[in-house]
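Pasted below: final.pdb, PDB, C-alpha atoms and all ligand atoms.
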ATOM      1  CA  MET A   1      -1.337  28.323   2.390  1.00  0.00           C
ATOM      2  CA  THR A   2      -1.993  27.343  -1.207  1.00  0.00           C
ATOM      3  CA  ASP A   3      -0.629  24.150  -2.651  1.00  0.00           C
ATOM      4  CA  ASP A   4       0.859  25.640  -5.793  1.00  0.00           C
ATOM      5  CA  THR A   5       3.775  27.630  -4.385  1.00  0.00           C
ATOM      6  CA  TYR A   6       6.438  25.817  -2.438  1.00  0.00           C
ATOM      7  CA  ASP A   7      10.164  25.581  -1.909  1.00  0.00           C
ATOM      8  CA  TYR A   8      10.450  21.821  -1.504  1.00  0.00           C
ATOM      9  CA  LEU A   9       8.304  18.857  -2.444  1.00  0.00           C
ATOM     10  CA  PHE A  10       8.679  15.756  -0.287  1.00  0.00           C
ATOM     11  CA  LYS A  11       7.057  12.465  -1.143  1.00  0.00           C
ATOM     12  CA  ILE A  12       6.168  10.475   1.982  1.00  0.00           C
ATOM     13  CA  VAL A  13       4.722   6.966   1.962  1.00  0.00           C
ATOM     14  CA  LEU A  14       2.578   5.290   4.580  1.00  0.00           C
ATOM     15  CA  VAL A  15       3.025   1.577   5.194  1.00  0.00           C
ATOM     16  CA  GLY A  16       1.709  -0.902   7.729  1.00  0.00           C
ATOM     17  CA  ASP A  17      -0.819  -3.703   8.086  1.00  0.00           C
ATOM     18  CA  SER A  18      -4.399  -3.361   6.963  1.00  0.00           C
ATOM     19  CA  GLY A  19      -6.587  -1.624   9.536  1.00  0.00           C
ATOM     20  CA  VAL A  20      -3.884   0.160  11.531  1.00  0.00           C
ATOM     21  CA  GLY A  21      -5.284   3.533  10.480  1.00  0.00           C
ATOM     22  CA  LYS A  22      -3.037   4.779   7.661  1.00  0.00           C
ATOM     23  CA  SER A  23      -5.891   6.304   5.669  1.00  0.00           C
ATOM     24  CA  ASN A  24      -7.342   7.958   8.747  1.00  0.00           C
ATOM     25  CA  LEU A  25      -3.990   9.424   9.759  1.00  0.00           C
ATOM     26  CA  LEU A  26      -3.833  10.908   6.277  1.00  0.00           C
ATOM     27  CA  SER A  27      -7.380  12.269   6.331  1.00  0.00           C
ATOM     28  CA  ARG A  28      -6.921  13.609   9.862  1.00  0.00           C
ATOM     29  CA  PHE A  29      -3.725  15.397   8.896  1.00  0.00           C
ATOM     30  CA  THR A  30      -4.762  16.759   5.515  1.00  0.00           C
ATOM     31  CA  LYS A  31      -8.497  17.344   6.050  1.00  0.00           C
ATOM     32  CA  GLY A  32      -9.027  17.253   9.805  1.00  0.00           C
ATOM     33  CA  GLU A  33     -11.405  14.329   9.306  1.00  0.00           C
ATOM     34  CA  PHE A  34     -11.797  10.890  10.854  1.00  0.00           C
ATOM     35  CA  TYR A  35     -14.066   8.099   9.651  1.00  0.00           C
ATOM     36  CA  GLU A  36     -15.326   5.389  12.013  1.00  0.00           C
ATOM     37  CA  ASP A  37     -15.916   2.896   9.236  1.00  0.00           C
ATOM     38  CA  THR A  38     -13.452   2.987   6.427  1.00  0.00           C
ATOM     39  CA  LYS A  39     -13.023   0.405   3.749  1.00  0.00           C
ATOM     40  CA  SER A  40      -9.608  -0.970   2.945  1.00  0.00           C
ATOM     41  CA  THR A  41      -7.766   1.252   0.528  1.00  0.00           C
ATOM     42  CA  ILE A  42      -7.717  -0.137  -2.986  1.00  0.00           C
ATOM     43  CA  GLY A  43      -4.806   0.888  -5.165  1.00  0.00           C
ATOM     44  CA  VAL A  44      -3.004   4.087  -4.271  1.00  0.00           C
ATOM     45  CA  GLU A  45      -4.227   7.434  -3.045  1.00  0.00           C
ATOM     46  CA  PHE A  46      -2.371  10.539  -2.103  1.00  0.00           C
ATOM     47  CA  ALA A  47      -3.045  13.880  -0.503  1.00  0.00           C
ATOM     48  CA  VAL A  48      -0.944  16.982  -0.058  1.00  0.00           C
ATOM     49  CA  LYS A  49      -0.444  19.485   2.683  1.00  0.00           C
ATOM     50  CA  SER A  50       1.931  22.404   2.893  1.00  0.00           C
ATOM     51  CA  LEU A  51       3.939  23.131   6.017  1.00  0.00           C
ATOM     52  CA  LYS A  52       6.317  25.917   6.914  1.00  0.00           C
ATOM     53  CA  ILE A  53       9.767  25.179   8.317  1.00  0.00           C
ATOM     54  CA  GLU A  54      12.007  28.144   8.980  1.00  0.00           C
ATOM     55  CA  SER A  55      10.983  30.395   6.110  1.00  0.00           C
ATOM     56  CA  LYS A  56      10.522  27.553   3.637  1.00  0.00           C
ATOM     57  CA  VAL A  57       7.249  26.192   2.366  1.00  0.00           C
ATOM     58  CA  ILE A  58       7.349  22.421   2.215  1.00  0.00           C
ATOM     59  CA  LYS A  59       4.750  20.575   0.237  1.00  0.00           C
ATOM     60  CA  ALA A  60       4.262  17.123   1.715  1.00  0.00           C
ATOM     61  CA  GLN A  61       2.809  14.717  -0.809  1.00  0.00           C
ATOM     62  CA  ILE A  62       1.645  11.757   1.250  1.00  0.00           C
ATOM     63  CA  TRP A  63       0.934   8.441  -0.411  1.00  0.00           C
ATOM     64  CA  ASP A  64      -1.339   5.804   1.041  1.00  0.00           C
ATOM     65  CA  THR A  65      -1.923   2.269  -0.132  1.00  0.00           C
ATOM     66  CA  ALA A  66      -3.538  -0.903   1.123  1.00  0.00           C
ATOM     67  CA  GLY A  67      -1.909  -2.943   3.847  1.00  0.00           C
ATOM     68  CA  GLN A  68      -3.544  -5.991   2.297  1.00  0.00           C
ATOM     69  CA  GLU A  69      -1.304  -7.613  -0.260  1.00  0.00           C
ATOM     70  CA  ARG A  70      -4.082  -8.293  -2.754  1.00  0.00           C
ATOM     71  CA  TYR A  71      -5.062  -4.623  -3.004  1.00  0.00           C
ATOM     72  CA  ARG A  72      -1.584  -3.229  -3.167  1.00  0.00           C
ATOM     73  CA  ALA A  73      -0.372  -1.396  -6.222  1.00  0.00           C
ATOM     74  CA  ILE A  74       2.932  -2.288  -7.835  1.00  0.00           C
ATOM     75  CA  THR A  75       5.348  -1.821  -5.008  1.00  0.00           C
ATOM     76  CA  SER A  76       8.287  -0.188  -6.705  1.00  0.00           C
ATOM     77  CA  ALA A  77       6.093   2.521  -8.233  1.00  0.00           C
ATOM     78  CA  TYR A  78       4.632   3.296  -4.831  1.00  0.00           C
ATOM     79  CA  TYR A  79       8.030   3.781  -3.210  1.00  0.00           C
ATOM     80  CA  ARG A  80       9.730   5.528  -6.111  1.00  0.00           C
ATOM     81  CA  SER A  81      11.413   8.801  -5.085  1.00  0.00           C
ATOM     82  CA  ALA A  82       9.998   8.752  -1.566  1.00  0.00           C
ATOM     83  CA  VAL A  83      12.149  10.733   0.854  1.00  0.00           C
ATOM     84  CA  GLY A  84      10.213   9.800   3.988  1.00  0.00           C
ATOM     85  CA  ALA A  85       8.034   7.003   5.312  1.00  0.00           C
ATOM     86  CA  MET A  86       5.782   6.284   8.236  1.00  0.00           C
ATOM     87  CA  LEU A  87       5.675   2.692   9.447  1.00  0.00           C
ATOM     88  CA  VAL A  88       2.333   2.426  11.179  1.00  0.00           C
ATOM     89  CA  TYR A  89       1.103  -0.186  13.655  1.00  0.00           C
ATOM     90  CA  ASP A  90      -1.885  -0.397  15.986  1.00  0.00           C
ATOM     91  CA  ILE A  91      -0.926  -0.256  19.682  1.00  0.00           C
ATOM     92  CA  SER A  92      -3.896  -2.510  20.486  1.00  0.00           C
ATOM     93  CA  LYS A  93      -2.796  -5.267  18.062  1.00  0.00           C
ATOM     94  CA  LYS A  94       0.584  -6.835  18.723  1.00  0.00           C
ATOM     95  CA  GLU A  95       0.629  -8.630  15.396  1.00  0.00           C
ATOM     96  CA  THR A  96       0.706  -5.305  13.556  1.00  0.00           C
ATOM     97  CA  PHE A  97       3.812  -4.333  15.529  1.00  0.00           C
ATOM     98  CA  ASP A  98       5.460  -7.700  14.887  1.00  0.00           C
ATOM     99  CA  ASN A  99       4.937  -7.147  11.170  1.00  0.00           C
ATOM    100  CA  ILE A 100       6.791  -3.808  11.216  1.00  0.00           C
ATOM    101  CA  GLU A 101      10.001  -5.746  10.585  1.00  0.00           C
ATOM    102  CA  ARG A 102       8.556  -6.952   7.279  1.00  0.00           C
ATOM    103  CA  TRP A 103       7.511  -3.442   6.269  1.00  0.00           C
ATOM    104  CA  LEU A 104      10.932  -2.121   7.172  1.00  0.00           C
ATOM    105  CA  THR A 105      12.598  -4.754   5.001  1.00  0.00           C
ATOM    106  CA  GLU A 106      10.339  -3.914   2.093  1.00  0.00           C
ATOM    107  CA  LEU A 107      10.972  -0.208   2.524  1.00  0.00           C
ATOM    108  CA  ARG A 108      14.723  -0.692   2.618  1.00  0.00           C
ATOM    109  CA  GLN A 109      14.549  -2.823  -0.516  1.00  0.00           C
ATOM    110  CA  HIS A 110      12.655  -0.229  -2.491  1.00  0.00           C
ATOM    111  CA  THR A 111      13.854   3.137  -1.258  1.00  0.00           C
ATOM    112  CA  ASP A 112      17.038   5.121  -1.178  1.00  0.00           C
ATOM    113  CA  SER A 113      19.122   4.442   1.931  1.00  0.00           C
ATOM    114  CA  ASN A 114      18.724   8.096   2.920  1.00  0.00           C
ATOM    115  CA  VAL A 115      14.962   7.852   3.319  1.00  0.00           C
ATOM    116  CA  THR A 116      13.809   9.247   6.667  1.00  0.00           C
ATOM    117  CA  LEU A 117      11.686   6.795   8.627  1.00  0.00           C
ATOM    118  CA  MET A 118       9.270   7.185  11.502  1.00  0.00           C
ATOM    119  CA  LEU A 119       7.563   4.502  13.563  1.00  0.00           C
ATOM    120  CA  VAL A 120       3.957   5.406  14.414  1.00  0.00           C
ATOM    121  CA  GLY A 121       1.905   3.563  17.026  1.00  0.00           C
ATOM    122  CA  ASN A 122      -1.671   4.559  16.183  1.00  0.00           C
ATOM    123  CA  LYS A 123      -4.972   4.164  18.112  1.00  0.00           C
ATOM    124  CA  LEU A 124      -3.607   5.644  21.312  1.00  0.00           C
ATOM    125  CA  ASP A 125      -7.206   6.237  22.359  1.00  0.00           C
ATOM    126  CA  LEU A 126      -7.363   2.451  22.850  1.00  0.00           C
ATOM    127  CA  LYS A 127      -4.737   2.561  25.606  1.00  0.00           C
ATOM    128  CA  HIS A 128      -6.885   0.327  27.816  1.00  0.00           C
ATOM    129  CA  LEU A 129      -6.521  -2.395  25.148  1.00  0.00           C
ATOM    130  CA  ARG A 130      -2.819  -1.824  24.658  1.00  0.00           C
ATOM    131  CA  GLU A 131      -0.854  -4.883  23.494  1.00  0.00           C
ATOM    132  CA  VAL A 132       2.336  -3.082  22.478  1.00  0.00           C
ATOM    133  CA  ASN A 133       4.341  -1.667  25.323  1.00  0.00           C
ATOM    134  CA  GLU A 134       5.610   1.830  24.581  1.00  0.00           C
ATOM    135  CA  ASP A 135       9.100   1.156  25.978  1.00  0.00           C
ATOM    136  CA  ARG A 136       9.446  -1.952  23.862  1.00  0.00           C
ATOM    137  CA  ALA A 137       8.438  -0.004  20.761  1.00  0.00           C
ATOM    138  CA  LYS A 138      10.879   2.754  21.725  1.00  0.00           C
ATOM    139  CA  SER A 139      13.778   0.298  22.042  1.00  0.00           C
ATOM    140  CA  TYR A 140      12.895  -1.241  18.709  1.00  0.00           C
ATOM    141  CA  ALA A 141      12.787   2.224  17.156  1.00  0.00           C
ATOM    142  CA  GLU A 142      16.172   3.151  18.623  1.00  0.00           C
ATOM    143  CA  GLU A 143      17.756  -0.090  17.464  1.00  0.00           C
ATOM    144  CA  ASN A 144      16.627   0.686  13.940  1.00  0.00           C
ATOM    145  CA  GLY A 145      17.407   4.381  13.947  1.00  0.00           C
ATOM    146  CA  LEU A 146      13.772   5.489  13.898  1.00  0.00           C
ATOM    147  CA  HIS A 147      11.743   7.876  15.995  1.00  0.00           C
ATOM    148  CA  LEU A 148       8.600   6.621  17.669  1.00  0.00           C
ATOM    149  CA  VAL A 149       5.438   8.682  17.953  1.00  0.00           C
ATOM    150  CA  GLU A 150       2.168   7.354  19.355  1.00  0.00           C
ATOM    151  CA  THR A 151      -0.923   8.887  17.797  1.00  0.00           C
ATOM    152  CA  SER A 152      -4.676   8.706  17.658  1.00  0.00           C
ATOM    153  CA  ALA A 153      -6.278   9.612  14.359  1.00  0.00           C
ATOM    154  CA  LYS A 154      -9.605   9.274  16.125  1.00  0.00           C
ATOM    155  CA  ASP A 155      -8.939  11.675  19.008  1.00  0.00           C
ATOM    156  CA  ASN A 156      -6.495  13.786  17.017  1.00  0.00           C
ATOM    157  CA  MET A 157      -3.576  13.074  19.312  1.00  0.00           C
ATOM    158  CA  ALA A 158      -0.080  13.884  18.003  1.00  0.00           C
ATOM    159  CA  VAL A 159      -1.037  13.412  14.337  1.00  0.00           C
ATOM    160  CA  GLU A 160       0.049  16.901  13.311  1.00  0.00           C
ATOM    161  CA  TYR A 161       3.140  16.522  15.485  1.00  0.00           C
ATOM    162  CA  ALA A 162       4.146  13.234  13.844  1.00  0.00           C
ATOM    163  CA  PHE A 163       3.913  14.578  10.292  1.00  0.00           C
ATOM    164  CA  GLN A 164       5.554  17.875  11.225  1.00  0.00           C
ATOM    165  CA  LYS A 165       8.418  16.030  12.910  1.00  0.00           C
ATOM    166  CA  LEU A 166       8.952  13.729   9.953  1.00  0.00           C
ATOM    167  CA  VAL A 167       8.909  16.590   7.466  1.00  0.00           C
ATOM    168  CA  THR A 168      11.308  18.603   9.636  1.00  0.00           C
ATOM    169  CA  GLU A 169      13.706  15.668   9.803  1.00  0.00           C
ATOM    170  CA  ILE A 170      13.612  15.234   6.040  1.00  0.00           C
ATOM    171  CA  TYR A 171      14.202  18.938   5.586  1.00  0.00           C
ATOM    172  CA  CYS A 172      17.165  18.881   7.974  1.00  0.00           C
ATOM    173  CA  ASP A 173      18.649  15.810   6.303  1.00  0.00           C
ATOM    174  CA  VAL A 174      18.357  17.407   2.895  1.00  0.00           C
ATOM    175  CA  VAL A 175      19.718  20.805   3.870  1.00  0.00           C
ATOM    176  CA  ASN A 176      22.565  19.463   6.016  1.00  0.00           C
ATOM    177  CA  LYS A 177      23.529  16.879   3.450  1.00  0.00           C
ATOM    178  CA  TYR A 178      23.983  19.480   0.753  1.00  0.00           C
ATOM    179  CA  HIS A 179      25.984  21.668   3.073  1.00  0.00           C
ATOM    180  CA  LEU A 180      28.269  18.789   3.986  1.00  0.00           C
ATOM    181  CA  GLU A 181      28.751  17.684   0.419  1.00  0.00           C
ATOM    182  CA  ALA A 182      29.442  21.170  -0.775  1.00  0.00           C
ATOM    183  CA  ASP A 183      31.859  21.778   2.112  1.00  0.00           C
ATOM    184  CA  SER A 184      33.846  18.615   1.587  1.00  0.00           C
ATOM    185  CA  SER A 185      34.108  18.701  -2.198  1.00  0.00           C
ATOM    186  CA  GLY A 186      33.893  22.370  -2.856  1.00  0.00           C
ATOM    187  CA  ASN A 187      31.287  21.414  -5.414  1.00  0.00           C
ATOM    188  CA  GLN A 188      27.617  20.691  -5.195  1.00  0.00           C
ATOM    189  CA  SER A 189      26.716  17.141  -5.998  1.00  0.00           C
ATOM    190  CA  ASP A 190      23.530  16.170  -7.788  1.00  0.00           C
ATOM    191  CA  SER A 191      23.781  12.545  -6.782  1.00  0.00           C
ATOM    192  CA  ALA A 192      22.100  12.947  -3.431  1.00  0.00           C
ATOM    193  CA  ILE A 193      19.261  15.120  -4.591  1.00  0.00           C
ATOM    194  CA  PRO A 194      16.044  13.175  -4.157  1.00  0.00           C
ATOM    195  CA  HIS A 195      14.064  12.990  -7.363  1.00  0.00           C
ATOM    196  CA  SER A 196      11.154  14.836  -5.859  1.00  0.00           C
ATOM    197  CA  GLU A 197      13.321  17.814  -5.022  1.00  0.00           C
ATOM    198  CA  PRO A 198      13.344  20.854  -7.224  1.00  0.00           C
ATOM    199  CA  VAL A 199      17.119  21.020  -7.745  1.00  0.00           C
ATOM    200  CA  SER A 200      17.198  24.758  -8.243  1.00  0.00           C
ATOM    201  CA  ASP A 201      15.466  25.258  -4.902  1.00  0.00           C
ATOM    202  CA  ILE A 202      18.000  23.168  -3.062  1.00  0.00           C
ATOM    203  CA  ARG A 203      20.818  25.130  -4.598  1.00  0.00           C
ATOM    204  CA  ALA A 204      19.061  28.372  -3.832  1.00  0.00           C
ATOM    205  CA  ALA A 205      18.627  27.341  -0.191  1.00  0.00           C
ATOM    206  CA  GLN A 206      22.196  26.194   0.013  1.00  0.00           C
ATOM    207  CA  ASN A 207      23.571  29.337  -1.516  1.00  0.00           C
ATOM    208  CA  SER A 208      21.443  31.676   0.528  1.00  0.00           C
ATOM    209  CA  ASN A 209      22.272  29.841   3.758  1.00  0.00           C
ATOM    210  CA  ALA A 210      25.951  29.914   2.970  1.00  0.00           C
ATOM    211  CA  ALA A 211      25.774  33.542   2.015  1.00  0.00           C
ATOM    212  CA  ASN A 212      23.840  34.600   5.100  1.00  0.00           C
ATOM    213  CA  ASN A 213      25.594  32.132   7.391  1.00  0.00           C
ATOM    214  CA  GLN A 214      22.124  31.375   8.750  1.00  0.00           C
ATOM    215  CA  SER A 215      21.920  28.783  11.468  1.00  0.00           C
ATOM    216  CA  CYS A 216      19.600  25.930  10.565  1.00  0.00           C
ATOM    217  CA  ALA A 217      16.756  25.057  12.954  1.00  0.00           C
ATOM    218  CA  CYS A 218      17.788  21.438  12.584  1.00  0.00           C
TER
HETATM  219  P1  LIG A 301      -5.928  -0.505   4.795  1.00  0.00           P
HETATM  220  O1  LIG A 301      -6.350   0.535   3.821  1.00  0.00           O
HETATM  221  O2  LIG A 301      -6.738  -1.762   4.698  1.00  0.00           O
HETATM  222  O3  LIG A 301      -4.461  -0.830   4.708  1.00  0.00           O
HETATM  223  O4  LIG A 301      -6.196   0.051   6.314  1.00  0.00           O
HETATM  224  P2  LIG A 301      -5.736   1.427   6.954  1.00  0.00           P
HETATM  225  O5  LIG A 301      -4.438   1.240   7.627  1.00  0.00           O
HETATM  226  O6  LIG A 301      -5.824   2.513   5.965  1.00  0.00           O
HETATM  227  O7  LIG A 301      -6.810   1.674   8.120  1.00  0.00           O
HETATM  228  P3  LIG A 301      -8.013   2.711   8.142  1.00  0.00           P
HETATM  229  O8  LIG A 301      -7.549   4.108   8.218  1.00  0.00           O
HETATM  230  O9  LIG A 301      -8.943   2.372   7.047  1.00  0.00           O
HETATM  231  O10 LIG A 301      -8.672   2.351   9.563  1.00  0.00           O
HETATM  232  C1  LIG A 301      -9.145   1.057   9.869  1.00  0.00           C
HETATM  233  C2  LIG A 301     -10.148   1.155  11.009  1.00  0.00           C
HETATM  234  O11 LIG A 301      -9.515   1.654  12.192  1.00  0.00           O
HETATM  235  C3  LIG A 301     -11.337   2.084  10.716  1.00  0.00           C
HETATM  236  O12 LIG A 301     -12.501   1.522  11.252  1.00  0.00           O
HETATM  237  C4  LIG A 301     -10.973   3.363  11.472  1.00  0.00           C
HETATM  238  O13 LIG A 301     -12.104   4.088  11.889  1.00  0.00           O
HETATM  239  C5  LIG A 301     -10.190   2.806  12.659  1.00  0.00           C
HETATM  240  N1  LIG A 301      -9.183   3.737  13.160  1.00  0.00           N
HETATM  241  C6  LIG A 301      -8.238   4.414  12.464  1.00  0.00           C
HETATM  242  N2  LIG A 301      -7.505   5.185  13.287  1.00  0.00           N
HETATM  243  C7  LIG A 301      -7.983   4.990  14.533  1.00  0.00           C
HETATM  244  C8  LIG A 301      -7.626   5.502  15.818  1.00  0.00           C
HETATM  245  O14 LIG A 301      -6.722   6.325  16.016  1.00  0.00           O
HETATM  246  N3  LIG A 301      -8.365   5.025  16.888  1.00  0.00           N
HETATM  247  C9  LIG A 301      -9.369   4.125  16.739  1.00  0.00           C
HETATM  248  N4  LIG A 301     -10.022   3.732  17.854  1.00  0.00           N
HETATM  249  N5  LIG A 301      -9.734   3.635  15.547  1.00  0.00           N
HETATM  250  C10 LIG A 301      -9.043   4.064  14.460  1.00  0.00           C
HETATM  251 MG    MG A 302      -6.287   2.547   3.970  1.00  0.00          MG
END

What do you get writing this file as structure tokens?
Ligand code: GTP
Ligand code: MG
Amino acid sequence: MTDDTYDYLFKIVLVGDSGVGKSNLLSRFTKGEFYEDTKSTIGVEFAVKSLKIESKVIKAQIWDTAGQERYRAITSAYYRSAVGAMLVYDISKKETFDNIERWLTELRQHTDSNVTLMLVGNKLDLKHLREVNEDRAKSYAEENGLHLVETSAKDNMAVEYAFQKLVTEIYCDVVNKYHLEADSSGNQSDSAIPHSEPVSDIRAAQNSNAANNQSCAC
């Protein structure tokens, strides 16, 4: 699938403490690569990958920045027009899980309230060193309206699944939201259209779904 033709563009940001594996999740997902020794990210990087949901091509533009405060780019620019986020911790380091609360607060301060969030417990290959109980993480996720996925960028466990699930959720939120708004007002509202969305594509999807009475996979 080429990167230049798509129906929707979703900006997704990765956040979490330094060393939890954000950059490796990104390189695993977009390039199929893992690096044993990576340096802390400096500034901001992003990579793209296209996915297919129903018959739509979704271009996921995934942004990665440093967990370390001193290397982080200006926060508001990083979060601007994000429609999804992964909050990443390391299952073998409790402190990184404890800090999720901070990342969640920052995310909520800087993003639209509709942003779709996912909690990701990375380094599942280090299960024998586990410090964060999966059930505890699950309860925390439920309390905060998030989904939890445990991954290993190293062993390529559930990385594709996590991104696919997040993108699908964003897609469903977007499509359903426009249907609801159009149904209740009789008009289509621009207010809820995320900035990264090509407006015409949303309308096209909405109109064609309404016209065909297609059932959404969501
Ligand atoms: P910052 O850029 O400083 O915020 O860190 P980061 O979250 O991007 O972490 P990064 O991807 O650079 O990974 C940090 C270290 O953890 C590297 O040595 C990686 O090789 C290692 N690492 C990343 N993912 C995994 C994983 O799934 N399992 C294991 N065992 N190590 C991992
Ligand atoms: Mg990094």

Exercise answer, 10 Å around ligand LIG 301 (chain A) with all atoms listed in the file, as a PyMOL selection string: chain A and resi 14-28+34-45+64-69+71-72+88-92+121-127+150-157+159

Produce a file of the selected residues containing C-alpha atoms, as a PDB file, keeping the file's coordinate frame.
ATOM      1  CA  LEU A  14       2.578   5.290   4.580  1.00  0.00           C
ATOM      2  CA  VAL A  15       3.025   1.577   5.194  1.00  0.00           C
ATOM      3  CA  GLY A  16       1.709  -0.902   7.729  1.00  0.00           C
ATOM      4  CA  ASP A  17      -0.819  -3.703   8.086  1.00  0.00           C
ATOM      5  CA  SER A  18      -4.399  -3.361   6.963  1.00  0.00           C
ATOM      6  CA  GLY A  19      -6.587  -1.624   9.536  1.00  0.00           C
ATOM      7  CA  VAL A  20      -3.884   0.160  11.531  1.00  0.00           C
ATOM      8  CA  GLY A  21      -5.284   3.533  10.480  1.00  0.00           C
ATOM      9  CA  LYS A  22      -3.037   4.779   7.661  1.00  0.00           C
ATOM     10  CA  SER A  23      -5.891   6.304   5.669  1.00  0.00           C
ATOM     11  CA  ASN A  24      -7.342   7.958   8.747  1.00  0.00           C
ATOM     12  CA  LEU A  25      -3.990   9.424   9.759  1.00  0.00           C
ATOM     13  CA  LEU A  26      -3.833  10.908   6.277  1.00  0.00           C
ATOM     14  CA  SER A  27      -7.380  12.269   6.331  1.00  0.00           C
ATOM     15  CA  ARG A  28      -6.921  13.609   9.862  1.00  0.00           C
ATOM     16  CA  PHE A  34     -11.797  10.890  10.854  1.00  0.00           C
ATOM     17  CA  TYR A  35     -14.066   8.099   9.651  1.00  0.00           C
ATOM     18  CA  GLU A  36     -15.326   5.389  12.013  1.00  0.00           C
ATOM     19  CA  ASP A  37     -15.916   2.896   9.236  1.00  0.00           C
ATOM     20  CA  THR A  38     -13.452   2.987   6.427  1.00  0.00           C
ATOM     21  CA  LYS A  39     -13.023   0.405   3.749  1.00  0.00           C
ATOM     22  CA  SER A  40      -9.608  -0.970   2.945  1.00  0.00           C
ATOM     23  CA  THR A  41      -7.766   1.252   0.528  1.00  0.00           C
ATOM     24  CA  ILE A  42      -7.717  -0.137  -2.986  1.00  0.00           C
ATOM     25  CA  GLY A  43      -4.806   0.888  -5.165  1.00  0.00           C
ATOM     26  CA  VAL A  44      -3.004   4.087  -4.271  1.00  0.00           C
ATOM     27  CA  GLU A  45      -4.227   7.434  -3.045  1.00  0.00           C
ATOM     28  CA  ASP A  64      -1.339   5.804   1.041  1.00  0.00           C
ATOM     29  CA  THR A  65      -1.923   2.269  -0.132  1.00  0.00           C
ATOM     30  CA  ALA A  66      -3.538  -0.903   1.123  1.00  0.00           C
ATOM     31  CA  GLY A  67      -1.909  -2.943   3.847  1.00  0.00           C
ATOM     32  CA  GLN A  68      -3.544  -5.991   2.297  1.00  0.00           C
ATOM     33  CA  GLU A  69      -1.304  -7.613  -0.260  1.00  0.00           C
ATOM     34  CA  TYR A  71      -5.062  -4.623  -3.004  1.00  0.00           C
ATOM     35  CA  ARG A  72      -1.584  -3.229  -3.167  1.00  0.00           C
ATOM     36  CA  VAL A  88       2.333   2.426  11.179  1.00  0.00           C
ATOM     37  CA  TYR A  89       1.103  -0.186  13.655  1.00  0.00           C
ATOM     38  CA  ASP A  90      -1.885  -0.397  15.986  1.00  0.00           C
ATOM     39  CA  ILE A  91      -0.926  -0.256  19.682  1.00  0.00           C
ATOM     40  CA  SER A  92      -3.896  -2.510  20.486  1.00  0.00           C
ATOM     41  CA  GLY A 121       1.905   3.563  17.026  1.00  0.00           C
ATOM     42  CA  ASN A 122      -1.671   4.559  16.183  1.00  0.00           C
ATOM     43  CA  LYS A 123      -4.972   4.164  18.112  1.00  0.00           C
ATOM     44  CA  LEU A 124      -3.607   5.644  21.312  1.00  0.00           C
ATOM     45  CA  ASP A 125      -7.206   6.237  22.359  1.00  0.00           C
ATOM     46  CA  LEU A 126      -7.363   2.451  22.850  1.00  0.00           C
ATOM     47  CA  LYS A 127      -4.737   2.561  25.606  1.00  0.00           C
ATOM     48  CA  GLU A 150       2.168   7.354  19.355  1.00  0.00           C
ATOM     49  CA  THR A 151      -0.923   8.887  17.797  1.00  0.00           C
ATOM     50  CA  SER A 152      -4.676   8.706  17.658  1.00  0.00           C
ATOM     51  CA  ALA A 153      -6.278   9.612  14.359  1.00  0.00           C
ATOM     52  CA  LYS A 154      -9.605   9.274  16.125  1.00  0.00           C
ATOM     53  CA  ASP A 155      -8.939  11.675  19.008  1.00  0.00           C
ATOM     54  CA  ASN A 156      -6.495  13.786  17.017  1.00  0.00           C
ATOM     55  CA  MET A 157      -3.576  13.074  19.312  1.00  0.00           C
ATOM     56  CA  VAL A 159      -1.037  13.412  14.337  1.00  0.00           C
TER      57      VAL A 159
END

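Distance check against ligand MG 302 (chain A) using all atoms listed in the file: of A:Val83, A:Phe46, A:Phe29, A:Asp173, the minimum falls on A:Phe46.
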
Within 12 Å of A:Asp4, counting all atoms listed in the file, which residues qualify if same-chain residues fewer than 2 places away don't, as a PyMOL selection string? chain A and resi 1-2+6-9+48-50+57-60

Give as a CSV table (one decimal) with C-alpha atoms, in the frame of the given file the residues that the PyMOL selection byres (((chain A and resi 103-114) around 7) and not hetatm) matches when applied to the coordinates above.
chain,number,residue,atom,x,y,z
A,15,VAL,CA,3.0,1.6,5.2
A,16,GLY,CA,1.7,-0.9,7.7
A,76,SER,CA,8.3,-0.2,-6.7
A,79,TYR,CA,8.0,3.8,-3.2
A,80,ARG,CA,9.7,5.5,-6.1
A,82,ALA,CA,10.0,8.8,-1.6
A,99,ASN,CA,4.9,-7.1,11.2
A,100,ILE,CA,6.8,-3.8,11.2
A,101,GLU,CA,10.0,-5.7,10.6
A,102,ARG,CA,8.6,-7.0,7.3
A,115,VAL,CA,15.0,7.9,3.3
A,116,THR,CA,13.8,9.2,6.7

For ligand MG 302 (chain A), which residue among A:Ala137, A:Leu146, A:Thr168, A:Trp63 is the nearest when counting only C-alpha atoms and all ligand atoms?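 When distances to ligand MG 302 (chain A) are compared using only C-alpha atoms and all ligand atoms, the smallest one comes from A:Trp63.
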
Kindly give the distance, in Å, that separates atom CA of A:Thr5 and atom CA of A:Ile53, rounded to a single decimal.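 One can read the atom CA of A:Thr5 to atom CA of A:Ile53 distance as 14.3 Å.
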
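Atom MG of ligand MG 302 (chain A) is positioned 26.7 Å from atom CA of A:Lys52.
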
Atom pair atom CA of A:Gly84 + atom CA of A:Glu142, distance 17.1 Å

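In this comparison, which uses all atoms listed in the file, the residue of A:Ser81, A:Thr96, A:Gln164, A:Ser55 approaching A:Val13 most closely is A:Ser81.
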
Please give the centre and size of the box around stretch 75-86 of chain A (axis-aligned, containing every atom listed in the file, 5 Å added per side), with values in Å to one decimal and written as AutoDock Vina command-line options.
--center_x 8.4 --center_y 4.5 --center_z 0.0 --size_x 17.5 --size_y 22.6 --size_z 26.5

Which residues are near A:Met118? Cut-off 7 Å, all atoms listed in the file, ignore same chain within fewer than 4 positions. Put them as a PyMOL selection string. chain A and resi 85-87+146-148+166

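Residue nearest A:Lys31, chosen from A:Gly145, A:Ile170, A:Glu160, A:Asp135 and counting only C-alpha atoms: A:Glu160.
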